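Raw contents of protein.cif, mmCIF, C-alpha atoms and all ligand atoms:
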data_run
#
loop_
_atom_site.label_atom_id
_atom_site.label_comp_id
_atom_site.auth_asym_id
_atom_site.auth_seq_id
_atom_site.Cartn_x
_atom_site.Cartn_y
_atom_site.Cartn_z
CA MET A 13 -5.57 12.90 20.01
CA GLY A 14 -5.66 9.16 20.53
CA GLY A 15 -3.20 6.78 18.93
CA MET A 16 -5.72 4.33 17.50
CA GLY A 17 -6.68 4.09 13.87
CA ILE A 18 -5.69 2.75 10.51
CA SER A 19 -2.45 3.85 8.91
CA LYS A 20 -2.74 5.47 5.48
CA ILE A 21 -2.90 3.06 2.56
CA LYS A 22 0.00 3.64 0.16
CA THR A 23 -0.44 0.88 -2.40
CA ASN A 24 -2.70 -2.16 -2.68
CA PRO A 25 -0.94 -5.27 -1.32
CA VAL A 26 -3.09 -7.57 -3.50
CA THR A 27 -2.43 -5.68 -6.74
CA ASP A 28 1.27 -5.44 -5.81
CA LYS A 29 1.53 -9.19 -5.20
CA LEU A 30 -0.32 -10.09 -8.39
CA ARG A 31 1.74 -7.69 -10.51
CA GLY A 32 4.90 -8.98 -8.78
CA GLY A 33 4.18 -12.63 -9.64
CA GLN A 34 3.39 -13.65 -6.07
CA PRO A 35 0.36 -15.58 -4.77
CA ALA A 36 -2.39 -13.75 -2.88
CA VAL A 37 -4.69 -16.12 -0.99
CA GLY A 38 -8.05 -15.13 0.41
CA SER A 39 -11.53 -16.39 1.07
CA TRP A 40 -15.15 -15.69 0.24
CA LEU A 41 -17.66 -14.07 2.57
CA SER A 42 -21.18 -15.36 1.99
CA LEU A 43 -22.59 -15.07 5.51
CA CYS A 44 -23.41 -11.33 5.17
CA SER A 45 -21.88 -10.87 8.63
CA PRO A 46 -19.48 -8.06 9.59
CA VAL A 47 -18.66 -10.02 12.77
CA ALA A 48 -17.68 -13.10 10.74
CA ALA A 49 -15.69 -10.80 8.41
CA GLU A 50 -13.88 -9.31 11.41
CA SER A 51 -12.90 -12.75 12.74
CA MET A 52 -11.86 -14.03 9.32
CA ALA A 53 -9.75 -10.94 8.60
CA GLN A 54 -7.55 -11.54 11.63
CA ILE A 55 -6.12 -14.90 10.54
CA GLY A 56 -3.81 -13.47 7.89
CA TRP A 57 -5.58 -13.78 4.52
CA ASP A 58 -4.25 -11.38 1.87
CA TRP A 59 -7.81 -10.43 0.90
CA LEU A 60 -11.44 -11.23 1.59
CA VAL A 61 -14.20 -10.95 -1.01
CA VAL A 62 -17.73 -10.02 0.06
CA ASP A 63 -19.87 -11.96 -2.40
CA ALA A 64 -22.66 -9.76 -3.74
CA GLU A 65 -23.31 -12.14 -6.65
CA HIS A 66 -24.49 -15.21 -4.75
CA SER A 67 -25.36 -13.91 -1.28
CA PRO A 68 -28.16 -11.56 -0.25
CA VAL A 69 -25.75 -8.94 1.17
CA GLY A 70 -26.92 -5.31 1.04
CA PHE A 71 -24.75 -2.21 0.68
CA GLU A 72 -24.91 -1.16 4.33
CA THR A 73 -23.81 -4.61 5.49
CA MET A 74 -21.15 -4.65 2.80
CA VAL A 75 -19.70 -1.36 4.14
CA ASN A 76 -19.49 -2.86 7.62
CA CYS A 77 -17.79 -5.98 6.24
CA PHE A 78 -15.25 -3.78 4.43
CA ARG A 79 -14.55 -1.87 7.68
CA ALA A 80 -14.09 -5.15 9.59
CA ILE A 81 -11.80 -6.61 6.93
CA GLN A 82 -9.67 -3.45 6.81
CA LEU A 83 -9.41 -3.37 10.60
CA GLY A 84 -8.27 -7.00 10.61
CA GLY A 85 -5.52 -6.25 8.11
CA ALA A 86 -6.78 -7.92 4.92
CA VAL A 87 -7.65 -6.11 1.69
CA PRO A 88 -11.44 -5.57 1.41
CA MET A 89 -12.80 -6.75 -1.94
CA ALA A 90 -16.17 -7.71 -3.39
CA ARG A 91 -17.65 -9.76 -6.17
CA VAL A 92 -20.34 -7.71 -7.88
CA PRO A 93 -23.32 -9.58 -9.38
CA TRP A 94 -22.61 -8.46 -12.92
CA ASN A 95 -20.39 -6.22 -15.05
CA ASP A 96 -22.69 -3.32 -14.31
CA THR A 97 -21.66 0.35 -14.13
CA ILE A 98 -23.96 1.16 -11.22
CA TRP A 99 -23.08 -1.89 -9.11
CA ILE A 100 -19.38 -1.33 -9.70
CA GLN A 101 -19.63 2.36 -8.87
CA ARG A 102 -21.56 1.80 -5.65
CA THR A 103 -19.38 -1.10 -4.49
CA LEU A 104 -16.17 0.86 -5.04
CA ASP A 105 -17.66 3.91 -3.31
CA ALA A 106 -18.60 1.60 -0.40
CA GLY A 107 -14.90 0.86 0.06
CA ALA A 108 -13.85 -2.17 -1.97
CA LEU A 109 -10.18 -1.95 -2.94
CA GLY A 110 -10.64 -4.57 -5.65
CA LEU A 111 -13.46 -6.27 -7.52
CA VAL A 112 -14.07 -9.70 -8.94
CA VAL A 113 -16.43 -9.31 -11.92
CA PRO A 114 -18.34 -12.40 -13.13
CA MET A 115 -18.97 -13.69 -16.64
CA VAL A 116 -16.40 -11.63 -18.56
CA ASN A 117 -16.56 -13.36 -21.94
CA THR A 118 -14.87 -11.03 -24.43
CA ALA A 119 -12.15 -8.36 -24.60
CA GLU A 120 -14.98 -5.81 -24.96
CA ASP A 121 -16.46 -7.02 -21.64
CA ALA A 122 -13.03 -6.68 -20.01
CA LYS A 123 -12.60 -3.13 -21.40
CA THR A 124 -15.99 -2.23 -19.91
CA VAL A 125 -14.91 -3.60 -16.51
CA VAL A 126 -11.78 -1.43 -16.58
CA ALA A 127 -13.77 1.62 -17.75
CA ASN A 128 -16.34 1.07 -14.99
CA MET A 129 -13.54 1.01 -12.40
CA ARG A 130 -11.64 4.09 -13.65
CA TYR A 131 -12.40 7.79 -13.56
CA ALA A 132 -12.51 9.99 -16.69
CA THR A 133 -10.63 10.38 -18.89
CA LYS A 134 -9.50 6.76 -18.47
CA GLY A 135 -12.99 5.45 -17.76
CA GLN A 136 -16.56 6.26 -16.80
CA ARG A 137 -16.60 5.96 -13.01
CA SER A 138 -18.34 9.01 -11.57
CA SER A 139 -16.53 11.02 -8.91
CA GLY A 140 -17.76 11.52 -5.36
CA GLY A 141 -18.55 9.81 -2.11
CA SER A 142 -15.93 7.11 -1.75
CA ARG A 143 -15.77 6.46 1.99
CA VAL A 144 -12.17 5.14 1.79
CA SER A 145 -10.65 8.28 0.28
CA GLY A 146 -9.63 9.48 3.77
CA TYR A 147 -7.60 6.30 4.35
CA ILE A 148 -5.58 6.70 1.17
CA ASP A 149 -2.13 8.28 1.18
CA GLY A 150 -2.61 10.87 -1.58
CA ASP A 151 -5.42 11.56 -4.02
CA TYR A 152 -7.95 8.70 -3.98
CA ARG A 153 -8.93 9.06 -7.64
CA THR A 154 -5.36 8.78 -8.88
CA TRP A 155 -4.74 5.96 -6.41
CA ALA A 156 -7.86 4.04 -7.50
CA ASP A 157 -7.04 4.21 -11.21
CA GLU A 158 -3.59 2.79 -10.51
CA HIS A 159 -4.04 0.36 -7.60
CA LEU A 160 -7.54 -1.17 -7.53
CA ALA A 161 -7.37 -4.93 -8.04
CA VAL A 162 -9.28 -5.54 -11.29
CA ILE A 163 -10.11 -9.25 -11.48
CA VAL A 164 -12.22 -10.64 -14.32
CA MET A 165 -13.97 -14.00 -14.04
CA ILE A 166 -13.36 -16.58 -16.73
CA GLU A 167 -16.13 -19.11 -16.32
CA THR A 168 -17.60 -19.93 -19.73
CA VAL A 169 -16.43 -21.74 -22.85
CA GLN A 170 -16.52 -18.42 -24.70
CA ALA A 171 -14.28 -16.77 -22.09
CA VAL A 172 -11.75 -19.63 -22.28
CA GLU A 173 -11.68 -19.26 -26.07
CA ASN A 174 -11.16 -15.49 -25.72
CA ALA A 175 -8.79 -15.74 -22.75
CA GLU A 176 -5.77 -14.23 -24.50
CA ALA A 177 -7.73 -11.20 -25.76
CA ILE A 178 -9.41 -10.72 -22.36
CA MET A 179 -6.20 -10.95 -20.36
CA SER A 180 -4.36 -8.64 -22.75
CA VAL A 181 -6.71 -5.75 -21.93
CA ASP A 182 -4.79 -2.93 -20.28
CA GLY A 183 -5.86 -2.45 -16.66
CA VAL A 184 -6.91 -6.05 -16.03
CA VAL A 185 -4.75 -7.23 -13.12
CA GLY A 186 -5.81 -10.87 -13.07
CA CYS A 187 -8.48 -13.43 -13.74
CA PHE A 188 -10.43 -15.76 -11.52
CA ILE A 189 -11.74 -19.04 -12.91
CA GLY A 190 -15.20 -20.06 -11.66
CA PRO A 191 -14.87 -23.85 -11.89
CA ASN A 192 -18.59 -24.52 -11.36
CA ASP A 193 -19.96 -22.17 -14.02
CA LEU A 194 -17.22 -23.33 -16.38
CA MET A 195 -18.31 -26.93 -15.78
CA LEU A 196 -21.94 -26.02 -16.57
CA SER A 197 -20.94 -24.02 -19.64
CA MET A 198 -19.00 -27.07 -20.92
CA GLY A 199 -22.06 -29.26 -20.36
CA LEU A 200 -20.22 -31.39 -17.80
CA THR A 201 -21.10 -32.90 -14.44
CA GLN A 202 -18.89 -32.83 -11.32
CA LYS A 203 -17.71 -36.38 -12.08
CA GLU A 204 -16.37 -35.14 -15.42
CA THR A 205 -14.01 -32.63 -13.78
CA GLY A 206 -10.58 -33.17 -12.25
CA PRO A 207 -7.19 -34.38 -13.49
CA GLY A 208 -7.13 -35.51 -17.11
CA THR A 209 -10.48 -33.95 -18.08
CA ASP A 210 -11.35 -31.27 -20.64
CA HIS A 211 -12.37 -29.06 -17.69
CA GLU A 212 -8.88 -29.23 -16.20
CA ALA A 213 -7.35 -28.67 -19.66
CA ALA A 214 -9.47 -25.52 -20.12
CA MET A 215 -8.25 -24.14 -16.78
CA MET A 216 -4.63 -24.94 -17.63
CA HIS A 217 -5.09 -23.17 -20.97
CA VAL A 218 -6.19 -20.03 -19.08
CA LEU A 219 -3.13 -20.37 -16.83
CA ASP A 220 -0.82 -20.67 -19.86
CA VAL A 221 -2.40 -17.59 -21.46
CA CYS A 222 -1.93 -15.59 -18.26
CA LYS A 223 1.74 -16.60 -18.09
CA LYS A 224 2.16 -15.61 -21.74
CA VAL A 225 0.65 -12.13 -21.37
CA GLY A 226 2.09 -11.52 -17.89
CA LYS A 227 -1.15 -11.37 -15.91
CA ALA A 228 -2.20 -13.24 -12.76
CA ALA A 229 -4.36 -16.37 -13.03
CA GLY A 230 -6.73 -17.25 -10.23
CA LYS A 231 -9.23 -19.87 -9.22
CA HIS A 232 -11.72 -20.75 -6.54
CA CYS A 233 -10.35 -23.75 -4.62
CA PHE A 234 -12.13 -26.01 -2.21
CA SER A 235 -9.24 -27.34 -0.10
CA ALA A 236 -5.87 -26.17 1.22
CA ALA A 237 -4.27 -29.01 -0.75
CA GLU A 238 -5.69 -27.59 -3.96
CA VAL A 239 -4.51 -24.05 -3.14
CA SER A 240 -0.99 -25.41 -2.57
CA GLN A 241 -1.12 -27.39 -5.84
CA ARG A 242 -2.38 -24.37 -7.80
CA ILE A 243 0.34 -22.11 -6.32
CA ALA A 244 2.93 -24.65 -7.47
CA GLN A 245 1.38 -24.57 -10.97
CA GLY A 246 1.70 -20.78 -11.08
CA PHE A 247 -1.81 -19.61 -10.16
CA GLN A 248 -1.73 -16.48 -7.99
CA PHE A 249 -5.20 -15.22 -7.00
CA LEU A 250 -6.57 -18.12 -4.99
CA ALA A 251 -9.75 -18.32 -2.96
CA LEU A 252 -10.00 -20.98 -0.28
CA ILE A 253 -13.63 -22.03 0.29
CA SER A 254 -15.90 -19.45 2.05
CA ASP A 255 -16.89 -18.37 5.54
CA ALA A 256 -20.21 -20.24 5.27
CA ALA A 257 -18.67 -23.48 4.00
CA LEU A 258 -15.79 -23.34 6.49
CA MET A 259 -18.26 -22.90 9.34
CA LEU A 260 -20.38 -25.82 8.15
CA LYS A 261 -17.30 -28.02 7.67
CA ALA A 262 -16.09 -27.36 11.23
CA ALA A 263 -19.61 -27.74 12.62
CA ARG A 264 -20.12 -31.07 10.80
CA GLU A 265 -16.75 -32.38 11.97
CA GLU A 266 -17.25 -31.35 15.60
CA PHE A 267 -20.91 -32.33 15.90
CA GLY A 268 -20.24 -35.54 14.00
CA ALA A 269 -17.51 -36.39 16.51
CA VAL A 270 -19.83 -36.20 19.54
CA ASP A 271 -20.08 -39.62 21.14
CA PHE A 272 -23.72 -40.29 22.05
CA SER A 273 -23.04 -43.84 23.25
CA GLY A 274 -22.98 -42.76 26.91
CA ALA A 275 -26.54 -41.36 26.76
CA ALA A 276 -29.15 -43.17 28.87
CA VAL A 277 -31.74 -42.71 26.08
CA ALA A 278 -30.70 -42.72 22.41
CA SER A 279 -30.93 -39.27 20.74
CA PRO A 280 -33.87 -39.09 18.32
CA VAL A 281 -31.79 -36.82 16.07
CA GLY A 282 -29.10 -39.44 15.64
CA ALA A 283 -25.39 -39.22 16.22
CA LYS A 284 -24.49 -37.78 12.83
CA GLY A 285 -26.66 -34.71 13.12
CA THR A 286 -28.17 -34.96 9.68
CA LEU A 287 -31.44 -33.27 10.65
CA TYR A 288 -30.19 -29.83 11.68
C1 LIG B 301 -17.92 -20.66 -10.01
O1 LIG B 301 -17.37 -21.73 -9.70
O2 LIG B 301 -18.66 -20.52 -11.00
C2 LIG B 301 -17.70 -19.48 -9.19
O3 LIG B 301 -18.21 -18.42 -9.51
C3 LIG B 301 -16.84 -19.66 -7.97
O4 LIG B 301 -16.66 -18.47 -7.26
MG MG B 302 -19.55 -18.47 -11.14
#

Here is a file; write its structure as structure tokens.
Amino acid sequence: MGGMGISKIKTNPVTDKLRGGQPAVGSWLSLCSPVAAESMAQIGWDWLVVDAEHSPVGFETMVNCFRAIQLGGAVPMARVPWNDTIWIQRTLDAGALGLVVPMVNTAEDAKTVVANMRYATKGQRSSGGSRVSGYIDGDYRTWADEHLAVIVMIETVQAVENAEAIMSVDGVVGCFIGPNDLMLSMGLTQKETGPGTDHEAAMMHVLDVCKKVGKAAGKHCFSAAEVSQRIAQGFQFLALISDAALMLKAAREEFGAVDFSGAAVASPVGAKGTLY
């Protein structure tokens, strides 16, 4: 027998950190690329979320992303497109060890999320076919009910108003604020967000509620400086940008830094690379 392989999974490091009051920082995978997932997973993120809400990823690609993430040492997670029994079932069976579920607006919605992620008699997840069960130390079904990271998205005015009831639902591990959908739901533009705005106040209200009920607050962040600031405020489940946006940022910076002044004939594309 060879010595390669993945050691058995005892608990879920993300769920453990969130329940233990610690930050867990990850990123978003929108490129639908297992190779990108494999590279990303090796840099030390706590978790990586394959985004099935706003990317065209299919289940077979998602499975390969989960494999790559697990191999790299991060916790494989996904964002499903909706709080839907079938999507949740298939994504968990594909190997996600935690889910981010969008548009959870009421305590009833949150109870449905938990029920979708748990087996009977605690929930309505159907048994069979999970490809990760062989990696789990012990019985997968018992493990899943206890350790899956259950993250509900708070991203509407209604959800902010119901935050305490949502976050008090047993089985919810944490929340994740979608700042963009929240902005739209509040009828605001990007310029009307940031320090001192109603948008920021709504997010801080969610944070206060999470602290009160002892659950983890989270947020999508768009810079390392913001992740650091949010950790200091007490947020725990923090996403830093995405694979697609990080690639574009690096590409823009590097291509934008090319000095074309030494060229004999000026480039028709232009030095800033705005065309491609
Ligand atoms: C939002 O900002 O609405 C999001 O869903 C971010 O992930
Ligand atoms: Mg959103």

So which residues are near ligand MG 302 (chain B), meaning at most 8 Å away with all atoms listed in the file counted, given back as number ranges by chain? A: 114-115, 165, 167, 190-194

Skipping near chain neighbours, those fewer than 2 positions away, what residues fall within 9 Å of region 61-73 of chain A using all atoms listed in the file, listed as an MDAnalysis selection string? chainID A and resid 38:46 49 59 75:78 87:94 102:103 106 108 110:112 114 251

Write out as a VMD selection string the residues lying within 9 Å of Ala119 (chain A), counting only C-alpha atoms and excluding same-chain residues fewer than 2 positions away. chain A and resid 116 to 117 121 to 124 174 to 181

Could you state the separation of CA of Leu109 (chain A) and CA of Ser235 (chain A) in Å, given to one decimal place? 25.6 Å

Go through A:Val184, A:Arg153, A:Met52, A:Met198 and flag the residue nearest Leu258 (chain A), using all atoms listed in the file for the distances. A:Met52

Any chance you could work out the axis-aligned box around ligand LIG 301 (chain B), listed atoms only, 8 Å on each side, giving centre and edge lengths in Å to one decimal, as JSON?
{"center_x": -17.7, "center_y": -20.1, "center_z": -9.1, "size_x": 18.0, "size_y": 19.3, "size_z": 19.7}

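Here CA of Ala86 (chain A) stands at a distance of 27.8 Å from CA of Glu266 (chain A).
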
List the spatial neighbours of region 143-145 of chain A as a list in words - criterion: any atom at most 7 Å away, only C-alpha atoms, same-chain residues fewer than 2 positions off excluded.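 Answer for this query is Asp105, Ala106, Gly107, Gly141, Tyr147, Ile148 and Tyr152 of chain A.
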
Just the number, please: distance in Å from CA of Gln82 (chain A) to CA of Glu50 (chain A), one decimal.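 These atoms are spaced 8.6 Å apart.
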
Using only C-alpha atoms and all ligand atoms, the best pick from A:Thr201, A:Phe188, A:Ala256, A:Gly226 as closest to ligand LIG 301 (chain B) would be A:Phe188
